[in-house]
Amino acid sequence: MPIYYQQNINDFTQMAVWLIEEPERFFTQKVSVQQAVSHPHKRLQHLAGRYLLPYLVPEFPTDLIQIADTRKPYLPNEAYHFSISHCGNYAAAIVSQSERVGIDVELVTHRVDKIRHKFLHPHELIEWKIETLNDLEKYKTLTLLWSAKEAMFKWWGRGDVDFSDCMRIDATAIQNTGELMATFQKGLFATRLILQYQLTDSLSLVWVNSQ
């Protein structure tokens with residue numbers, strides 16, 4: 001069973017990351033493809049993410065999942081809050097009975113440097129001292145910040161968010177595991193969030209659970 005990482009966050013919230021090594025038929029015994037996904041590997045990612053939901057919560061009704069206009073998957077009656085992410089050979093999911101949640105997993109890559117202006121405010125670039133970092137630390141830090149904002153975006157769940165303006169992450173020392181403090185502001189709505197993360201030289205995982 002290729003569980004890469006798993007954590008019971010609290011009595012009502014669980015998350016896990018799956019390392020995809022199985023053929024498609026392994027997942028289709030439990031879940032089905034609910035969208036038109038033609039690319040074989042993307043279909044595997046899709047299936048693995050949904051497979052994790054009943055793995056975490058056996059009674060999770062995967063067949064009732066719908067997709068909002070914002071492309072966020074949801075349950076019509078919100079019996080469970082959940083979020084799914086995948087990249088490369090990894091799929092991640094978080095499920096909660098009581099809290100809004102968001103999760104994101106990303107491969108650490110140099111390509112993130114080319115899109116940093118799309119998700120980081122100029123002040124964040126300065127506060128995080130991005131230009132002073134060596135290449136590996138720069139790519140890890142940028143990937144972590146991108147992953148954190150993706151997790152916040154999924155937590156928000158309503159789309160229409162400017163990543164650089166609406167979400168700001170406080171600068172701090174990066175470790176292999178830790179917390180990030182962030183501010184989310186959209187119109188008159190504003191809140192502080194605590195994000196948890198796991199970071200290696202090759203993978204970034206960030207999740208958030210909050211009312």
# chains A, B, ... in the order shown; residues from 1 in each chain; ligands from 1
>>> select_by_dssp(residues="segment 24-114 of chain A", states="strand (DSSP E)", output="ChimeraX atom specification")
/A:66-67,73-74,81-87,90-96,100-107
>>> closest_atom_pairs(of="segment 111-166 of chain A", to="segment 188-195 of chain A", cutoff="12 Å", atoms="only C-alpha atoms", output="CSV")
residue,atom,partner,partner_atom,distance
A:Leu144,CA,A:Leu195,CA,10.9
A:Leu145,CA,A:Leu195,CA,10.7
A:Ser147,CA,A:Leu195,CA,10.4
A:Ala148,CA,A:Leu195,CA,7.2
A:Lys149,CA,A:Leu195,CA,9.7
A:Glu150,CA,A:Leu195,CA,11.3
A:Ala151,CA,A:Leu195,CA,8.5
A:Met152,CA,A:Leu195,CA,8.4
A:Phe153,CA,A:Leu193,CA,11.9
A:Trp155,CA,A:Leu193,CA,10.2
A:Trp156,CA,A:Phe189,CA,10.9
A:Cys166,CA,A:Ala190,CA,9.1
>>> residues_around(residues="Asn176 of chain A", least_positions_apart="2", cutoff="8 Å", atoms="only C-alpha atoms", output="list in words")
Ile174, Gly178, Gln198, Leu199 and Thr200 of chain A
>>> atom_distance(atom1="atom CA of Leu136 of chain A", atom2="atom CA of Val105 of chain A")
17.7 Å
>>> residues_around(residues="segment 106-110 of chain A", least_positions_apart="2", cutoff="10 Å", atoms="only C-alpha atoms", output="ChimeraX atom specification")
/A:85-91,104,112-114,135-136,138-144,146-148,150,199-206
>>> atom_distance(atom1="atom CA of Ala79 of chain A", atom2="atom CA of Gln66 of chain A")
12.9 Å
